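Everything below belongs to data-v3.pdb, which stores PDB, N, CA and C atoms.
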```
ATOM      1  N   MET A   1       4.272  22.964  -0.498
ATOM      2  CA  MET A   1       4.828  23.104  -1.834
ATOM      3  C   MET A   1       6.127  23.902  -1.731
ATOM      4  N   PRO A   2       7.204  23.369  -2.316
ATOM      5  CA  PRO A   2       8.476  24.076  -2.210
ATOM      6  C   PRO A   2       8.506  25.347  -3.051
ATOM      7  N   ASN A   3       9.177  26.349  -2.533
ATOM      8  CA  ASN A   3       9.328  27.610  -3.247
ATOM      9  C   ASN A   3      10.732  27.777  -3.810
ATOM     10  N   ILE A   4      11.693  27.123  -3.191
ATOM     11  CA  ILE A   4      13.093  27.274  -3.579
ATOM     12  C   ILE A   4      13.419  26.266  -4.680
ATOM     13  N   LYS A   5      14.237  26.690  -5.622
ATOM     14  CA  LYS A   5      14.565  25.873  -6.782
ATOM     15  C   LYS A   5      15.153  24.514  -6.378
ATOM     16  N   GLN A   6      16.059  24.506  -5.417
ATOM     17  CA  GLN A   6      16.686  23.257  -4.990
ATOM     18  C   GLN A   6      15.673  22.327  -4.328
ATOM     19  N   GLN A   7      14.737  22.904  -3.577
ATOM     20  CA  GLN A   7      13.696  22.074  -2.957
ATOM     21  C   GLN A   7      12.810  21.439  -4.022
ATOM     22  N   LYS A   8      12.488  22.189  -5.058
ATOM     23  CA  LYS A   8      11.684  21.641  -6.156
ATOM     24  C   LYS A   8      12.417  20.481  -6.820
ATOM     25  N   LYS A   9      13.711  20.650  -7.007
ATOM     26  CA  LYS A   9      14.514  19.594  -7.617
ATOM     27  C   LYS A   9      14.535  18.351  -6.726
ATOM     28  N   ARG A  10      14.705  18.541  -5.416
ATOM     29  CA  ARG A  10      14.738  17.408  -4.492
ATOM     30  C   ARG A  10      13.412  16.658  -4.507
ATOM     31  N   VAL A  11      12.292  17.386  -4.558
ATOM     32  CA  VAL A  11      10.981  16.741  -4.603
ATOM     33  C   VAL A  11      10.852  15.908  -5.877
ATOM     34  N   ARG A  12      11.316  16.466  -7.007
ATOM     35  CA  ARG A  12      11.242  15.757  -8.285
ATOM     36  C   ARG A  12      12.118  14.506  -8.252
ATOM     37  N   ILE A  13      13.341  14.649  -7.753
ATOM     38  CA  ILE A  13      14.263  13.516  -7.715
ATOM     39  C   ILE A  13      13.769  12.441  -6.753
ATOM     40  N   ALA A  14      13.210  12.861  -5.621
ATOM     41  CA  ALA A  14      12.682  11.892  -4.659
ATOM     42  C   ALA A  14      11.553  11.088  -5.282
ATOM     43  N   GLY A  15      10.706  11.747  -6.074
ATOM     44  CA  GLY A  15       9.626  11.042  -6.762
ATOM     45  C   GLY A  15      10.151  10.034  -7.756
ATOM     46  N   GLU A  16      11.190  10.405  -8.507
ATOM     47  CA  GLU A  16      11.794   9.483  -9.471
ATOM     48  C   GLU A  16      12.415   8.288  -8.755
ATOM     49  N   GLU A  17      13.098   8.542  -7.639
ATOM     50  CA  GLU A  17      13.722   7.460  -6.885
ATOM     51  C   GLU A  17      12.670   6.535  -6.280
ATOM     52  N   ARG A  18      11.560   7.112  -5.834
ATOM     53  CA  ARG A  18      10.476   6.309  -5.272
ATOM     54  C   ARG A  18       9.930   5.351  -6.334
ATOM     55  N   LEU A  19       9.756   5.848  -7.558
ATOM     56  CA  LEU A  19       9.262   4.996  -8.638
ATOM     57  C   LEU A  19      10.269   3.899  -8.995
ATOM     58  N   GLU A  20      11.550   4.243  -8.971
ATOM     59  CA  GLU A  20      12.573   3.239  -9.269
ATOM     60  C   GLU A  20      12.573   2.142  -8.207
ATOM     61  N   ASN A  21      12.443   2.527  -6.940
ATOM     62  CA  ASN A  21      12.373   1.544  -5.862
ATOM     63  C   ASN A  21      11.141   0.659  -6.018
ATOM     64  N   LEU A  22      10.024   1.266  -6.423
ATOM     65  CA  LEU A  22       8.795   0.507  -6.644
ATOM     66  C   LEU A  22       8.987  -0.497  -7.773
ATOM     67  N   ARG A  23       9.697  -0.084  -8.838
ATOM     68  CA  ARG A  23       9.967  -1.002  -9.947
ATOM     69  C   ARG A  23      10.794  -2.195  -9.481
ATOM     70  N   TYR A  24      11.803  -1.951  -8.662
ATOM     71  CA  TYR A  24      12.609  -3.053  -8.130
ATOM     72  C   TYR A  24      11.741  -4.025  -7.337
ATOM     73  N   ARG A  25      10.960  -3.492  -6.401
ATOM     74  CA  ARG A  25      10.147  -4.360  -5.546
ATOM     75  C   ARG A  25       9.117  -5.139  -6.353
ATOM     76  N   SER A  26       8.507  -4.486  -7.319
ATOM     77  CA  SER A  26       7.497  -5.137  -8.146
ATOM     78  C   SER A  26       8.118  -6.245  -8.992
ATOM     79  N   THR A  27       9.267  -5.964  -9.569
ATOM     80  CA  THR A  27       9.939  -6.963 -10.409
ATOM     81  C   THR A  27      10.387  -8.152  -9.579
ATOM     82  N   ILE A  28      10.822  -7.903  -8.347
ATOM     83  CA  ILE A  28      11.218  -9.001  -7.467
ATOM     84  C   ILE A  28      10.024  -9.908  -7.192
ATOM     85  N   LYS A  29       8.864  -9.322  -6.941
ATOM     86  CA  LYS A  29       7.661 -10.123  -6.706
ATOM     87  C   LYS A  29       7.306 -10.946  -7.941
ATOM     88  N   THR A  30       7.403 -10.316  -9.118
ATOM     89  CA  THR A  30       7.081 -11.015 -10.360
ATOM     90  C   THR A  30       8.029 -12.184 -10.582
ATOM     91  N   LEU A  31       9.332 -11.953 -10.398
ATOM     92  CA  LEU A  31      10.304 -13.024 -10.595
ATOM     93  C   LEU A  31      10.129 -14.138  -9.559
ATOM     94  N   ALA A  32       9.723 -13.793  -8.349
ATOM     95  CA  ALA A  32       9.488 -14.807  -7.321
ATOM     96  C   ALA A  32       8.310 -15.700  -7.714
ATOM     97  N   LYS A  33       7.260 -15.096  -8.251
ATOM     98  CA  LYS A  33       6.113 -15.889  -8.707
ATOM     99  C   LYS A  33       6.503 -16.770  -9.886
ATOM    100  N   ARG A  34       7.325 -16.226 -10.795
ATOM    101  CA  ARG A  34       7.773 -16.995 -11.956
ATOM    102  C   ARG A  34       8.644 -18.170 -11.497
ATOM    103  N   LEU A  35       9.489 -17.946 -10.486
ATOM    104  CA  LEU A  35      10.323 -19.014  -9.940
ATOM    105  C   LEU A  35       9.449 -20.113  -9.344
ATOM    106  N   ALA A  36       8.438 -19.723  -8.595
ATOM    107  CA  ALA A  36       7.545 -20.713  -7.984
ATOM    108  C   ALA A  36       6.834 -21.532  -9.057
ATOM    109  N   ALA A  37       6.427 -20.883 -10.142
ATOM    110  CA  ALA A  37       5.724 -21.592 -11.214
ATOM    111  C   ALA A  37       6.648 -22.585 -11.911
ATOM    112  N   THR A  38       7.881 -22.184 -12.189
ATOM    113  CA  THR A  38       8.802 -23.098 -12.868
ATOM    114  C   THR A  38       9.243 -24.223 -11.938
ATOM    115  N   ALA A  39       9.377 -23.927 -10.650
ATOM    116  CA  ALA A  39       9.746 -24.976  -9.696
ATOM    117  C   ALA A  39       8.621 -25.998  -9.579
ATOM    118  N   GLU A  40       7.393 -25.515  -9.613
ATOM    119  CA  GLU A  40       6.248 -26.423  -9.524
ATOM    120  C   GLU A  40       6.127 -27.270 -10.788
ATOM    121  N   ALA A  41       6.502 -26.686 -11.927
ATOM    122  CA  ALA A  41       6.450 -27.427 -13.188
ATOM    123  C   ALA A  41       7.517 -28.510 -13.237
ATOM    124  N   GLY A  42       8.607 -28.334 -12.503
ATOM    125  CA  GLY A  42       9.634 -29.356 -12.404
ATOM    126  C   GLY A  42      10.767 -29.224 -13.400
ATOM    127  N   ASP A  43      10.849 -28.115 -14.102
ATOM    128  CA  ASP A  43      11.932 -27.905 -15.068
ATOM    129  C   ASP A  43      13.155 -27.373 -14.319
ATOM    130  N   ALA A  44      14.150 -28.228 -14.133
ATOM    131  CA  ALA A  44      15.301 -27.878 -13.292
ATOM    132  C   ALA A  44      16.140 -26.764 -13.903
ATOM    133  N   ASP A  45      16.365 -26.808 -15.212
ATOM    134  CA  ASP A  45      17.200 -25.781 -15.849
ATOM    135  C   ASP A  45      16.527 -24.415 -15.788
ATOM    136  N   ALA A  46      15.231 -24.385 -16.080
ATOM    137  CA  ALA A  46      14.496 -23.117 -16.041
ATOM    138  C   ALA A  46      14.430 -22.591 -14.610
ATOM    139  N   THR A  47      14.238 -23.487 -13.653
ATOM    140  CA  THR A  47      14.191 -23.078 -12.247
ATOM    141  C   THR A  47      15.515 -22.463 -11.823
ATOM    142  N   ASP A  48      16.612 -23.087 -12.235
ATOM    143  CA  ASP A  48      17.933 -22.560 -11.892
ATOM    144  C   ASP A  48      18.152 -21.182 -12.506
ATOM    145  N   ALA A  49      17.738 -21.012 -13.755
ATOM    146  CA  ALA A  49      17.895 -19.715 -14.427
ATOM    147  C   ALA A  49      17.046 -18.644 -13.760
ATOM    148  N   GLU A  50      15.809 -18.985 -13.418
ATOM    149  CA  GLU A  50      14.926 -18.027 -12.744
ATOM    150  C   GLU A  50      15.482 -17.651 -11.368
ATOM    151  N   HIS A  51      16.038 -18.645 -10.668
ATOM    152  CA  HIS A  51      16.583 -18.382  -9.338
ATOM    153  C   HIS A  51      17.775 -17.436  -9.424
ATOM    154  N   ARG A  52      18.661 -17.674 -10.399
ATOM    155  CA  ARG A  52      19.824 -16.792 -10.566
ATOM    156  C   ARG A  52      19.396 -15.369 -10.898
ATOM    157  N   ALA A  53      18.397 -15.220 -11.766
ATOM    158  CA  ALA A  53      17.911 -13.886 -12.139
ATOM    159  C   ALA A  53      17.311 -13.168 -10.933
ATOM    160  N   LEU A  54      16.555 -13.912 -10.127
ATOM    161  CA  LEU A  54      15.924 -13.320  -8.943
ATOM    162  C   LEU A  54      16.968 -12.878  -7.924
ATOM    163  N   VAL A  55      17.955 -13.728  -7.660
ATOM    164  CA  VAL A  55      18.992 -13.393  -6.679
ATOM    165  C   VAL A  55      19.801 -12.188  -7.153
ATOM    166  N   LYS A  56      20.084 -12.140  -8.441
ATOM    167  CA  LYS A  56      20.832 -11.012  -9.003
ATOM    168  C   LYS A  56      20.068  -9.710  -8.810
ATOM    169  N   LEU A  57      18.759  -9.732  -9.074
ATOM    170  CA  LEU A  57      17.955  -8.520  -8.924
ATOM    171  C   LEU A  57      17.825  -8.122  -7.452
ATOM    172  N   ILE A  58      17.678  -9.100  -6.575
ATOM    173  CA  ILE A  58      17.589  -8.801  -5.139
ATOM    174  C   ILE A  58      18.873  -8.133  -4.665
ATOM    175  N   ASP A  59      20.021  -8.680  -5.088
ATOM    176  CA  ASP A  59      21.304  -8.084  -4.692
ATOM    177  C   ASP A  59      21.424  -6.658  -5.209
ATOM    178  N   ARG A  60      20.981  -6.418  -6.438
ATOM    179  CA  ARG A  60      21.056  -5.074  -7.004
ATOM    180  C   ARG A  60      20.135  -4.108  -6.242
ATOM    181  N   ALA A  61      18.936  -4.588  -5.865
ATOM    182  CA  ALA A  61      17.999  -3.749  -5.122
ATOM    183  C   ALA A  61      18.556  -3.394  -3.745
ATOM    184  N   VAL A  62      19.219  -4.355  -3.099
ATOM    185  CA  VAL A  62      19.814  -4.092  -1.790
ATOM    186  C   VAL A  62      20.946  -3.081  -1.929
ATOM    187  N   THR A  63      21.761  -3.239  -2.961
ATOM    188  CA  THR A  63      22.872  -2.315  -3.190
ATOM    189  C   THR A  63      22.364  -0.907  -3.449
ATOM    190  N   ARG A  64      21.290  -0.795  -4.207
ATOM    191  CA  ARG A  64      20.724   0.506  -4.544
ATOM    192  C   ARG A  64      19.958   1.127  -3.370
ATOM    193  N   GLY A  65      19.624   0.320  -2.373
ATOM    194  CA  GLY A  65      18.891   0.842  -1.226
ATOM    195  C   GLY A  65      17.384   0.731  -1.383
ATOM    196  N   ALA A  66      16.936   0.039  -2.430
ATOM    197  CA  ALA A  66      15.503  -0.129  -2.634
ATOM    198  C   ALA A  66      14.931  -1.162  -1.673
ATOM    199  N   LEU A  67      15.799  -1.995  -1.127
ATOM    200  CA  LEU A  67      15.385  -3.070  -0.239
ATOM    201  C   LEU A  67      16.380  -3.134   0.915
ATOM    202  N   HIS A  68      15.873  -3.319   2.116
ATOM    203  CA  HIS A  68      16.750  -3.463   3.278
ATOM    204  C   HIS A  68      17.538  -4.758   3.145
ATOM    205  N   ARG A  69      18.765  -4.781   3.658
ATOM    206  CA  ARG A  69      19.608  -5.963   3.429
ATOM    207  C   ARG A  69      19.055  -7.203   4.117
ATOM    208  N   ASN A  70      18.398  -7.056   5.260
ATOM    209  CA  ASN A  70      17.801  -8.223   5.911
ATOM    210  C   ASN A  70      16.607  -8.740   5.114
ATOM    211  N   ALA A  71      15.837  -7.825   4.536
ATOM    212  CA  ALA A  71      14.705  -8.235   3.693
ATOM    213  C   ALA A  71      15.233  -8.944   2.451
ATOM    214  N   GLY A  72      16.331  -8.448   1.905
ATOM    215  CA  GLY A  72      16.934  -9.098   0.748
ATOM    216  C   GLY A  72      17.421 -10.492   1.085
ATOM    217  N   ALA A  73      18.055 -10.641   2.235
ATOM    218  CA  ALA A  73      18.534 -11.956   2.665
ATOM    219  C   ALA A  73      17.367 -12.907   2.878
ATOM    220  N   ARG A  74      16.290 -12.407   3.445
ATOM    221  CA  ARG A  74      15.099 -13.233   3.667
ATOM    222  C   ARG A  74      14.502 -13.697   2.341
ATOM    223  N   LYS A  75      14.401 -12.783   1.385
ATOM    224  CA  LYS A  75      13.837 -13.132   0.080
ATOM    225  C   LYS A  75      14.726 -14.136  -0.657
ATOM    226  N   LYS A  76      16.051 -13.976  -0.541
ATOM    227  CA  LYS A  76      16.963 -14.917  -1.181
ATOM    228  C   LYS A  76      16.848 -16.300  -0.533
ATOM    229  N   SER A  77      16.672 -16.341   0.770
ATOM    230  CA  SER A  77      16.522 -17.609   1.470
ATOM    231  C   SER A  77      15.227 -18.300   1.052
ATOM    232  N   GLN A  78      14.149 -17.539   0.960
ATOM    233  CA  GLN A  78      12.871 -18.096   0.516
ATOM    234  C   GLN A  78      12.991 -18.621  -0.915
ATOM    235  N   ALA A  79      13.681 -17.862  -1.759
ATOM    236  CA  ALA A  79      13.853 -18.273  -3.166
ATOM    237  C   ALA A  79      14.657 -19.562  -3.245
ATOM    238  N   ALA A  80      15.676 -19.696  -2.406
ATOM    239  CA  ALA A  80      16.486 -20.911  -2.412
ATOM    240  C   ALA A  80      15.660 -22.120  -1.984
ATOM    241  N   ARG A  81      14.793 -21.917  -0.997
ATOM    242  CA  ARG A  81      13.910 -23.000  -0.569
ATOM    243  C   ARG A  81      12.970 -23.421  -1.687
ATOM    244  N   VAL A  82      12.386 -22.444  -2.367
ATOM    245  CA  VAL A  82      11.471 -22.747  -3.466
ATOM    246  C   VAL A  82      12.210 -23.447  -4.604
ATOM    247  N   ALA A  83      13.395 -22.942  -4.921
ATOM    248  CA  ALA A  83      14.176 -23.511  -6.029
ATOM    249  C   ALA A  83      14.600 -24.947  -5.729
ATOM    250  N   SER A  84      14.884 -25.242  -4.472
ATOM    251  CA  SER A  84      15.312 -26.598  -4.120
ATOM    252  C   SER A  84      14.137 -27.557  -4.024
ATOM    253  N   GLY A  85      12.929 -27.010  -3.969
ATOM    254  CA  GLY A  85      11.737 -27.851  -3.925
ATOM    255  C   GLY A  85      11.278 -28.202  -2.532
ATOM    256  N   THR A  86      11.897 -27.606  -1.496
ATOM    257  CA  THR A  86      11.519 -27.951  -0.128
ATOM    258  C   THR A  86      10.558 -26.930   0.487
ATOM    259  N   GLY A  87      10.401 -25.769  -0.152
ATOM    260  CA  GLY A  87       9.542 -24.732   0.417
ATOM    261  C   GLY A  87       8.359 -24.419  -0.471
ATOM    262  N   ASP A  88       7.481 -23.574   0.055
ATOM    263  CA  ASP A  88       6.288 -23.188  -0.706
ATOM    264  C   ASP A  88       6.541 -21.971  -1.538
TER     265      ASP A  88
END
```
This entry written out as structure tokens:
Amino acid sequence: MPNIKQQKKRVRIAGEERLENLRYRSTIKTLAKRLAATAEAGDADATDAEHRALVKLIDRAVTRGALHRNAGARKKSQAARVASGTGD
């Protein structure tokens, strides 16, 4: 347990950042599932919109440091495969 004021602040801020990173990762998973559902339904316009939203969020998560850039690239590649209808 930190005794110094600055250490207490760092612990608090680290916890807030951890939750923000968790929100990014969770939302990415949710949008990926939503993309898969719309791609399976066959609605091209909705699939395109879901894909753009997912890629935008992945890029933001990578920029913020919530996701490693290689993991972000992998997720974007998987999303593109799903959106095009060639992947699972």
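For the pair atom N of Leu19 (chain A) and atom C of Ala71 (chain A), the separation is 18.7 Å.
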**Report entry** Filtered DSSP result for chain A, state helix (DSSP H, G or I), as a ChimeraX atom specification
**Finding:** /A:5-41,44-64,69-84
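Across A:Lys8, A:Gly72, A:Ser77, A:Ile58, the tightest approach to Ile28 (chain A) is made by A:Ile58 when counting all atoms listed in the file.
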Report summary line: One residue among A:Ala49, A:Ala32, A:Ile13, A:Ile4 is nearest to Gln78 (chain A) when using only C-alpha atoms, and that residue is A:Ala32
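The interatomic distance for the pair atom C of Ala73 (chain A) and atom N of Arg60 (chain A) works out to 11.9 Å.
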I'd like the box whose edges run along x, y and z of the file and which contains every listed atom of region 19-28 of chain A, padded by 4 Å per side; could you state its centre and edge lengths in Å, one decimal, as AutoDock Vina command-line options?
```
--center_x 10.1 --center_y -2.0 --center_z -8.0 --size_x 13.1 --size_y 23.8 --size_z 12.9
```
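Counting only C-alpha atoms and comparing A:Lys56, A:Arg81, A:Arg64, A:Lys76, the residue that lies closest to Glu17 (chain A) is A:Arg64.
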Query raised in the report: What separation in Å, quoted to one decimal, exists between CA of Ala46 (chain A) and atom C of Gly85 (chain A)?
Result: 14.8 Å
**Report entry** Nearest residue to Leu57 (chain A) from the set A:Lys75, A:Lys33, A:Arg18, A:Lys9 (distances using only C-alpha atoms)
**Finding:** A:Lys75
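Proximity to Leu67 (chain A) was assessed for A:Asn21, A:Thr27, A:Glu40, A:Arg34 counting all atoms listed in the file; the smallest distance is recorded for A:Asn21.
Distances to Val82 (chain A) were evaluated for A:His51, A:Leu22, A:Thr30, A:Gln6 using only C-alpha atoms, and the minimum falls at A:His51.
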